[in-house]
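Pasting query.csv here (CSV, C-alpha atoms and all ligand atoms):
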```csv
chain,number,residue,atom,x,y,z
J,1,MET,CA,-12.2,-24.5,12.3
J,2,SER,CA,-9.3,-22.3,13.3
J,3,ARG,CA,-6.0,-22.4,11.4
J,4,LYS,CA,-3.2,-24.6,12.7
J,5,ILE,CA,-0.6,-22.6,14.8
J,6,HIS,CA,2.3,-25.0,15.3
J,7,HIS,CA,4.1,-24.8,18.6
J,8,GLU,CA,6.8,-26.7,20.5
J,9,LYS,CA,6.6,-27.2,24.3
J,10,ALA,CA,9.1,-27.8,27.1
J,11,GLY,CA,8.7,-28.0,30.9
J,12,THR,CA,5.8,-29.4,32.9
J,13,ARG,CA,5.5,-27.0,35.8
J,14,GLY,CA,5.5,-23.3,36.6
J,15,LEU,CA,4.0,-20.3,34.8
J,16,MET,CA,3.3,-20.6,31.1
J,17,THR,CA,5.8,-18.6,29.0
J,18,CYS,CA,5.0,-18.2,25.3
J,19,PHE,CA,7.8,-17.1,22.9
J,20,VAL,CA,7.2,-15.5,19.5
J,21,HIS,CA,9.9,-15.3,16.8
J,22,GLY,CA,10.8,-12.4,14.6
J,23,SER,CA,10.8,-11.7,10.8
J,24,GLY,CA,11.6,-14.6,8.6
J,25,GLY,CA,12.0,-16.9,11.7
J,26,SER,CA,10.4,-19.9,13.3
J,27,GLN,CA,10.0,-21.2,16.9
J,28,GLY,CA,13.5,-22.7,16.5
J,29,VAL,CA,15.2,-19.3,17.4
J,30,TRP,CA,14.2,-20.1,21.0
J,31,VAL,CA,15.7,-23.6,21.2
J,32,ARG,CA,18.3,-22.6,23.8
J,33,GLN,CA,15.8,-20.7,26.0
J,34,MET,CA,13.4,-23.7,25.8
J,35,ALA,CA,16.1,-26.0,27.1
J,36,GLY,CA,17.4,-23.6,29.7
J,37,LEU,CA,14.0,-22.6,31.2
J,38,ALA,CA,12.1,-25.9,31.2
J,39,ASP,CA,12.9,-26.6,34.9
J,40,VAL,CA,11.2,-23.3,36.0
J,41,ALA,CA,8.4,-22.7,33.5
J,42,ARG,CA,6.1,-24.4,31.0
J,43,VAL,CA,7.6,-23.0,27.9
J,44,VAL,CA,5.9,-22.7,24.5
J,45,ALA,CA,7.4,-21.3,21.3
J,46,LEU,CA,5.1,-20.9,18.3
J,47,ASP,CA,5.4,-20.6,14.5
J,48,LEU,CA,3.5,-17.5,13.4
J,49,PRO,CA,1.0,-17.9,10.5
J,50,GLY,CA,2.9,-18.6,7.2
J,51,HIS,CA,6.1,-19.6,9.0
J,52,GLY,CA,7.6,-22.9,10.0
J,53,GLU,CA,4.9,-25.5,10.3
J,54,SER,CA,1.9,-23.2,10.8
J,55,ASP,CA,-0.9,-22.6,8.3
J,56,GLY,CA,-1.4,-19.3,6.5
J,57,ASP,CA,0.4,-17.0,4.0
J,58,GLY,CA,1.9,-14.6,6.5
J,59,VAL,CA,1.3,-12.6,9.7
J,60,GLY,CA,-0.9,-9.8,8.2
J,61,THR,CA,-0.6,-6.9,10.7
J,62,ILE,CA,1.1,-7.0,14.1
J,63,ASP,CA,-2.3,-6.9,15.7
J,64,GLN,CA,-3.5,-9.8,13.7
J,65,ALA,CA,-0.4,-11.8,14.6
J,66,ALA,CA,-1.2,-11.2,18.3
J,67,ASP,CA,-4.4,-13.2,17.7
J,68,ALA,CA,-2.2,-16.2,17.0
J,69,VAL,CA,-0.7,-15.9,20.5
J,70,ARG,CA,-4.2,-15.8,22.0
J,71,GLN,CA,-5.2,-18.8,19.9
J,72,VAL,CA,-2.3,-20.9,21.3
J,73,LEU,CA,-3.1,-19.9,24.9
J,74,ASP,CA,-6.7,-20.8,24.3
J,75,GLU,CA,-5.8,-24.2,22.8
J,76,LEU,CA,-3.6,-24.9,25.8
J,77,GLY,CA,-6.3,-23.8,28.3
J,78,VAL,CA,-4.0,-21.1,29.8
J,79,ALA,CA,-5.7,-18.1,31.4
J,80,ARG,CA,-2.5,-16.0,31.9
J,81,ALA,CA,1.0,-16.3,30.6
J,82,VAL,CA,4.3,-14.5,30.3
J,83,VAL,CA,4.6,-13.5,26.6
J,84,GLY,CA,8.0,-13.0,25.1
J,85,GLY,CA,9.1,-11.9,21.7
J,86,HIS,CA,12.1,-11.2,19.6
J,87,SER,CA,12.2,-8.3,17.1
J,88,MET,CA,8.8,-8.5,15.2
J,89,GLY,CA,7.8,-11.0,17.9
J,90,GLY,CA,8.4,-8.3,20.5
J,91,ALA,CA,6.1,-6.0,18.7
J,92,ILE,CA,3.5,-8.8,18.7
J,93,ALA,CA,4.0,-9.3,22.4
J,94,LEU,CA,3.5,-5.6,23.0
J,95,ALA,CA,0.3,-5.7,20.8
J,96,PHE,CA,-0.9,-8.7,22.8
J,97,ALA,CA,-0.2,-6.9,26.0
J,98,LEU,CA,-2.2,-3.8,24.9
J,99,ALA,CA,-5.2,-5.9,23.6
J,100,ASN,CA,-5.3,-8.6,26.3
J,101,PRO,CA,-4.0,-7.2,29.6
J,102,ASP,CA,-6.1,-9.8,31.5
J,103,ARG,CA,-4.2,-12.7,29.8
J,104,LEU,CA,-0.8,-11.4,30.6
J,105,ALA,CA,1.5,-12.3,33.6
J,106,GLY,CA,4.6,-10.7,32.3
J,107,LEU,CA,6.4,-9.4,29.1
J,108,VAL,CA,9.9,-10.4,27.8
J,109,LEU,CA,11.0,-8.0,25.0
J,110,VAL,CA,14.1,-9.2,23.2
J,111,GLY,CA,15.8,-7.1,20.5
J,112,THR,CA,12.8,-5.1,19.8
J,113,GLY,CA,11.2,-1.6,20.1
J,114,ALA,CA,7.9,0.3,20.3
J,115,ARG,CA,8.3,1.4,16.7
J,116,LEU,CA,10.1,-0.7,14.1
J,117,ARG,CA,10.7,1.3,10.9
J,118,VAL,CA,12.7,-0.7,8.4
J,119,LEU,CA,15.6,0.6,6.3
J,120,PRO,CA,14.3,1.1,2.7
J,121,LYS,CA,17.5,-0.5,1.5
J,122,ILE,CA,16.5,-3.8,3.1
J,123,LEU,CA,13.0,-3.8,1.5
J,124,GLU,CA,14.4,-2.8,-1.9
J,125,THR,CA,17.1,-5.5,-1.9
J,126,LEU,CA,14.6,-8.2,-0.8
J,127,GLU,CA,12.3,-7.1,-3.7
J,128,ARG,CA,15.2,-7.2,-6.2
J,129,ASP,CA,17.2,-10.2,-5.2
J,130,TYR,CA,15.7,-12.2,-2.3
J,131,ALA,CA,18.9,-14.2,-1.4
J,132,GLU,CA,21.0,-11.0,-1.4
J,133,GLY,CA,18.3,-9.2,0.7
J,134,VAL,CA,18.4,-12.0,3.3
J,135,ARG,CA,22.2,-12.0,3.4
J,136,LEU,CA,22.0,-8.2,4.0
J,137,VAL,CA,19.5,-8.6,6.9
J,138,VAL,CA,21.6,-11.3,8.5
J,139,GLU,CA,24.8,-9.3,8.1
J,140,LEU,CA,23.2,-6.3,9.9
J,141,ALA,CA,21.6,-8.6,12.5
J,142,VAL,CA,24.6,-10.5,13.8
J,143,ALA,CA,27.4,-8.8,15.7
J,144,GLY,CA,30.9,-9.1,14.4
J,145,ASP,CA,32.1,-11.5,17.1
J,146,ALA,CA,29.4,-14.1,16.7
J,147,SER,CA,30.3,-17.7,15.9
J,148,PRO,CA,31.1,-18.1,12.2
J,149,GLY,CA,28.4,-20.7,11.5
J,150,LEU,CA,25.6,-18.6,12.9
J,151,LYS,CA,25.2,-16.2,10.0
J,152,ASP,CA,25.2,-19.2,7.5
J,153,THR,CA,22.5,-20.9,9.6
J,154,LEU,CA,20.4,-17.8,9.8
J,155,VAL,CA,20.6,-17.2,6.0
J,156,ARG,CA,19.7,-20.8,5.3
J,157,GLU,CA,16.8,-20.8,7.7
J,158,THR,CA,15.5,-17.4,6.7
J,159,LEU,CA,15.5,-18.5,3.0
J,160,LEU,CA,13.1,-21.3,3.9
J,161,ASN,CA,10.5,-18.5,4.1
J,162,PRO,CA,9.0,-17.5,0.8
J,163,ARG,CA,9.7,-13.9,-0.2
J,164,PRO,CA,6.1,-12.7,0.3
J,165,ALA,CA,6.1,-14.0,3.9
J,166,MET,CA,9.4,-12.2,4.7
J,167,LEU,CA,8.4,-9.0,3.0
J,168,GLY,CA,5.0,-9.2,4.8
J,169,ASP,CA,6.8,-9.5,8.1
J,170,LEU,CA,9.0,-6.4,7.4
J,171,ARG,CA,6.0,-4.3,6.2
J,172,ALA,CA,4.1,-5.2,9.3
J,173,CYS,CA,7.1,-4.0,11.4
J,174,ASP,CA,7.4,-0.9,9.3
J,175,ALA,CA,3.7,0.0,10.1
J,176,PHE,CA,4.0,-0.8,13.9
J,177,ASP,CA,4.1,2.1,16.4
J,178,VAL,CA,3.0,1.9,20.0
J,179,MET,CA,5.5,4.5,21.3
J,180,ALA,CA,2.7,6.6,22.7
J,181,ARG,CA,0.9,3.7,24.4
J,182,LEU,CA,3.7,2.1,26.5
J,183,GLY,CA,2.4,3.7,29.7
J,184,GLU,CA,-0.7,1.7,29.5
J,185,ILE,CA,1.2,-1.5,30.2
J,186,ARG,CA,0.8,-2.7,33.8
J,187,THR,CA,2.7,-6.0,33.9
J,188,PRO,CA,6.2,-6.9,35.0
J,189,THR,CA,8.5,-6.4,32.0
J,190,LEU,CA,12.0,-7.5,31.1
J,191,VAL,CA,13.8,-5.8,28.1
J,192,VAL,CA,16.9,-7.6,26.7
J,193,CYS,CA,19.1,-6.0,24.0
J,194,GLY,CA,22.4,-6.9,22.5
J,195,GLU,CA,24.9,-4.1,23.0
J,196,GLY,CA,25.8,-4.1,19.3
J,197,ASP,CA,22.2,-4.4,17.9
J,198,ARG,CA,22.1,-2.4,14.7
J,199,LEU,CA,18.5,-3.3,13.7
J,200,THR,CA,16.8,-2.4,17.1
J,201,PRO,CA,19.5,-0.4,18.8
J,202,THR,CA,19.9,0.0,22.6
J,203,LYS,CA,18.1,3.4,22.2
J,204,TYR,CA,14.9,1.4,21.5
J,205,ALA,CA,15.4,-0.8,24.5
J,206,ARG,CA,16.1,2.1,26.8
J,207,TYR,CA,12.9,3.8,25.5
J,208,LEU,CA,10.9,0.6,26.5
J,209,ARG,CA,12.6,0.5,29.9
J,210,ASP,CA,11.9,4.2,30.5
J,211,ARG,CA,8.2,4.2,29.4
J,212,ILE,CA,6.9,0.8,30.6
J,213,PRO,CA,6.3,1.3,34.3
J,214,GLY,CA,8.8,-0.7,36.4
J,215,ALA,CA,10.5,-2.4,33.4
J,216,ARG,CA,14.0,-3.6,33.8
J,217,LEU,CA,16.7,-3.7,31.1
J,218,VAL,CA,19.5,-6.1,30.5
J,219,ILE,CA,22.1,-5.1,27.8
J,220,VAL,CA,24.2,-8.1,26.7
J,221,PRO,CA,27.7,-7.2,25.7
J,222,GLY,CA,29.2,-8.8,22.5
J,223,ALA,CA,25.8,-9.5,20.9
J,224,GLY,CA,23.8,-8.0,18.1
J,225,HIS,CA,20.1,-8.3,17.1
J,226,TYR,CA,20.0,-12.1,17.5
J,227,VAL,CA,21.0,-11.8,21.2
J,228,GLN,CA,19.2,-15.1,22.2
J,229,LEU,CA,21.3,-17.0,19.7
J,230,GLU,CA,24.5,-15.0,19.9
J,231,LYS,CA,24.7,-15.1,23.7
J,232,PRO,CA,22.1,-17.8,24.6
J,233,ASP,CA,23.4,-18.4,28.1
J,234,GLU,CA,23.3,-14.7,29.1
J,235,THR,CA,19.9,-14.2,27.6
J,236,THR,CA,18.5,-17.3,29.2
J,237,ALA,CA,19.9,-16.3,32.6
J,238,ALA,CA,18.3,-12.9,32.4
J,239,ILE,CA,14.9,-14.4,31.5
J,240,ARG,CA,15.3,-17.0,34.2
J,241,GLU,CA,16.0,-14.4,36.9
J,242,PHE,CA,13.0,-12.4,35.7
J,243,LEU,CA,10.7,-15.5,35.9
J,244,LEU,CA,11.9,-16.4,39.4
J,245,GLN,CA,12.4,-13.0,40.9
J,246,GLY,CA,10.7,-10.4,38.7
J,247,GLY,CA,7.4,-10.3,40.5
J,248,VAL,CA,5.8,-12.4,37.8
J,249,THR,CA,2.9,-14.4,39.1
J,250,GLY,CA,0.2,-16.5,37.5
C,301,LIG,N1,12.4,3.5,20.2
C,301,LIG,C1,12.9,4.7,20.5
C,301,LIG,N2,13.1,5.7,19.6
C,301,LIG,C2,12.8,5.4,18.3
C,301,LIG,C3,12.2,4.2,17.9
C,301,LIG,C4,12.0,3.2,19.0
C,301,LIG,N3,11.5,2.0,18.7
C,301,LIG,N4,12.0,4.2,16.6
C,301,LIG,C5,12.4,5.4,16.2
C,301,LIG,N5,12.9,6.1,17.2
C,301,LIG,C6,13.4,7.5,17.1
C,301,LIG,C7,14.6,7.5,16.2
C,301,LIG,O1,15.8,7.2,16.8
C,301,LIG,C8,14.5,9.0,15.7
C,301,LIG,O2,15.0,9.8,16.8
C,301,LIG,P1,15.8,11.1,16.4
C,301,LIG,O3,14.9,12.0,15.7
C,301,LIG,O4,16.2,11.6,17.8
C,301,LIG,O5,17.0,10.7,15.6
C,301,LIG,C9,13.0,9.2,15.6
C,301,LIG,O6,12.4,8.3,16.5
C,301,LIG,C10,12.4,9.0,14.3
C,301,LIG,O7,12.9,7.7,13.8
C,301,LIG,P2,12.2,6.8,12.6
C,301,LIG,O8,10.8,6.9,12.7
C,301,LIG,O9,12.8,5.5,12.7
C,301,LIG,O10,12.6,7.5,11.3
C,301,LIG,P3,14.0,7.9,10.6
C,301,LIG,O11,13.6,8.5,9.3
C,301,LIG,O12,14.8,8.7,11.6
C,301,LIG,O13,14.7,6.5,10.4
C,301,LIG,C11,15.2,4.3,9.6
C,301,LIG,C12,14.2,5.4,9.6
C,301,LIG,C13,14.6,3.1,8.9
C,301,LIG,C14,16.5,4.6,9.0
C,301,LIG,C15,15.5,3.9,11.1
C,301,LIG,O14,14.2,3.6,11.7
C,301,LIG,C16,16.4,2.8,11.3
C,301,LIG,O15,17.6,2.9,11.2
C,301,LIG,N6,15.8,1.6,11.7
C,301,LIG,C17,16.6,0.4,12.1
C,301,LIG,C18,17.0,-0.4,11.0
C,301,LIG,C19,16.0,-1.4,10.6
C,301,LIG,O16,15.6,-1.5,9.4
C,301,LIG,N7,15.5,-2.2,11.5
C,301,LIG,C20,14.5,-3.2,11.2
C,301,LIG,C21,13.5,-3.3,12.3
C,301,LIG,S1,12.5,-4.7,12.2
```

In structure tokens, what does this structure look like?
Amino acid sequence: MSRKIHHEKAGTRGLMTCFVHGSGGSQGVWVRQMAGLADVARVVALDLPGHGESDGDGVGTIDQAADAVRQVLDELGVARAVVGGHSMGGAIALAFALANPDRLAGLVLVGTGARLRVLPKILETLERDYAEGVRLVVELAVAGDASPGLKDTLVRETLLNPRPAMLGDLRACDAFDVMARLGEIRTPTLVVCGEGDRLTPTKYARYLRDRIPGARLVIVPGAGHYVQLEKPDETTAAIREFLLQGGVTG
């Protein structure tokens, strides 16, 4: 029997769009996009292995995590879907695209990159003092002008992950590199990045836009790494336009 991969669903018609969260996260990071896209797509957001309500100890490698996306699509009986991901979830979406081109209708890459090396200071701090490490990650991840409660919420929710799961996520990111393979991707692609993103800077987003054939890029002013939570309406609008007018077809 396969492991349980928990997922939440919204919407009853349109193309299936499957969202994947980033390091130390859960499906909840997509709550605003789930609500804002349910009238144009069947939206699913999953908890990766070892996160939220899913089984397992952690994601393993990025390629192994992409199997969780395929499992959810199989369980839902979906042949092709748009796959979207934030940060590590974007890496997983890219890995899914490279391994399963026939299952893909489009890609949505939010606050992510084709290579995700992690600052050694982040890994060292998480090892030494988990709570301090999580506060450091959130401090770097959220732009200065975000709502005051957002950082506290993110710290609280990230701390729900046991330290090994969070460290496993970041080590999987650190080992991820598909910079040389982006030209193989042949699917409509939207890249979204907060203008003030310090963890996956706009340079990474421009690289994705320049190397994935036909990809379009939306840079969101006033947002950092958690662009879909910091500027939810702008992020949802960009994805909505992509789903409706981006050449995405089932
Ligand atoms: N897209 C485009 N360019 C990228 C890239 C990506 N995804 N990842 C790395 N590069 C570029 C870098 O900008 C650098 O270019 P340069 O030589 O012109 O300056 C080059 O590739 C090598 O970069 P990198 O492999 O990252 O090594 P580094 O020793 O320069 O830096 C870090 C290592 C960790 C300091 C750096 O990757 C960083 O600041 N990362 C962001 C912070 C972080 O921890 N993010 C978490 C991601 S989950």

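Distance-wise, CA of Leu154 in chain J and CA of Leu199 in chain J end up 15.1 Å apart.
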
Between J:Lys203, J:Arg171, J:His7, J:His86, which has the minimum distance to His225 in chain J (counting only C-alpha atoms)?
J:His86

Excluding range 234-238 of chain J and its own-chain neighbours fewer than 4 positions away, which residues fall within 8 Å of it when counting only C-alpha atoms? Please give them as JSON, numbers by chain.
{"J": [32, 33, 36, 37, 192, 218, 220, 227, 228, 242]}

Of the candidates J:Leu243, J:Val108, J:Ala45, J:Ala68, which shows the shortest atom-to-atom distance to Ser2 in chain J, using only C-alpha atoms?
J:Ala68

Taking all atoms listed in the file into account, list the residues no farther than 8 Å from ligand LIG 301 (chain C), as an mmCIF file with C-alpha atoms, in the coordinates of the input.
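Saved as pocket_2.cif:
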```
data_model
loop_
_atom_site.group_PDB
_atom_site.id
_atom_site.type_symbol
_atom_site.label_atom_id
_atom_site.label_comp_id
_atom_site.auth_asym_id
_atom_site.auth_seq_id
_atom_site.Cartn_x
_atom_site.Cartn_y
_atom_site.Cartn_z
ATOM 1 C CA SER J 23 10.800 -11.700 10.800
ATOM 2 C CA SER J 87 12.200 -8.300 17.100
ATOM 3 C CA MET J 88 8.800 -8.500 15.200
ATOM 4 C CA THR J 112 12.800 -5.100 19.800
ATOM 5 C CA GLY J 113 11.200 -1.600 20.100
ATOM 6 C CA ALA J 114 7.900 0.300 20.300
ATOM 7 C CA ARG J 115 8.300 1.400 16.700
ATOM 8 C CA LEU J 116 10.100 -0.700 14.100
ATOM 9 C CA ARG J 117 10.700 1.300 10.900
ATOM 10 C CA VAL J 118 12.700 -0.700 8.400
ATOM 11 C CA LEU J 119 15.600 0.600 6.300
ATOM 12 C CA PRO J 120 14.300 1.100 2.700
ATOM 13 C CA ILE J 122 16.500 -3.800 3.100
ATOM 14 C CA LEU J 170 9.000 -6.400 7.400
ATOM 15 C CA CYS J 173 7.100 -4.000 11.400
ATOM 16 C CA ASP J 174 7.400 -0.900 9.300
ATOM 17 C CA ASP J 177 4.100 2.100 16.400
ATOM 18 C CA MET J 179 5.500 4.500 21.300
ATOM 19 C CA ARG J 198 22.100 -2.400 14.700
ATOM 20 C CA LEU J 199 18.500 -3.300 13.700
ATOM 21 C CA THR J 200 16.800 -2.400 17.100
ATOM 22 C CA PRO J 201 19.500 -0.400 18.800
ATOM 23 C CA LYS J 203 18.100 3.400 22.200
ATOM 24 C CA TYR J 204 14.900 1.400 21.500
ATOM 25 C CA ALA J 205 15.400 -0.800 24.500
ATOM 26 C CA ARG J 206 16.100 2.100 26.800
ATOM 27 C CA TYR J 207 12.900 3.800 25.500
ATOM 28 C CA LEU J 208 10.900 0.600 26.500
#
```

In Å, with one decimal, what is the gap from CA of Glu241 in chain J to CA of Gly183 in chain J?
23.8 Å

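Between CA of Gly25 in chain J and CA of Arg186 in chain J the interatomic distance comes to 28.6 Å.
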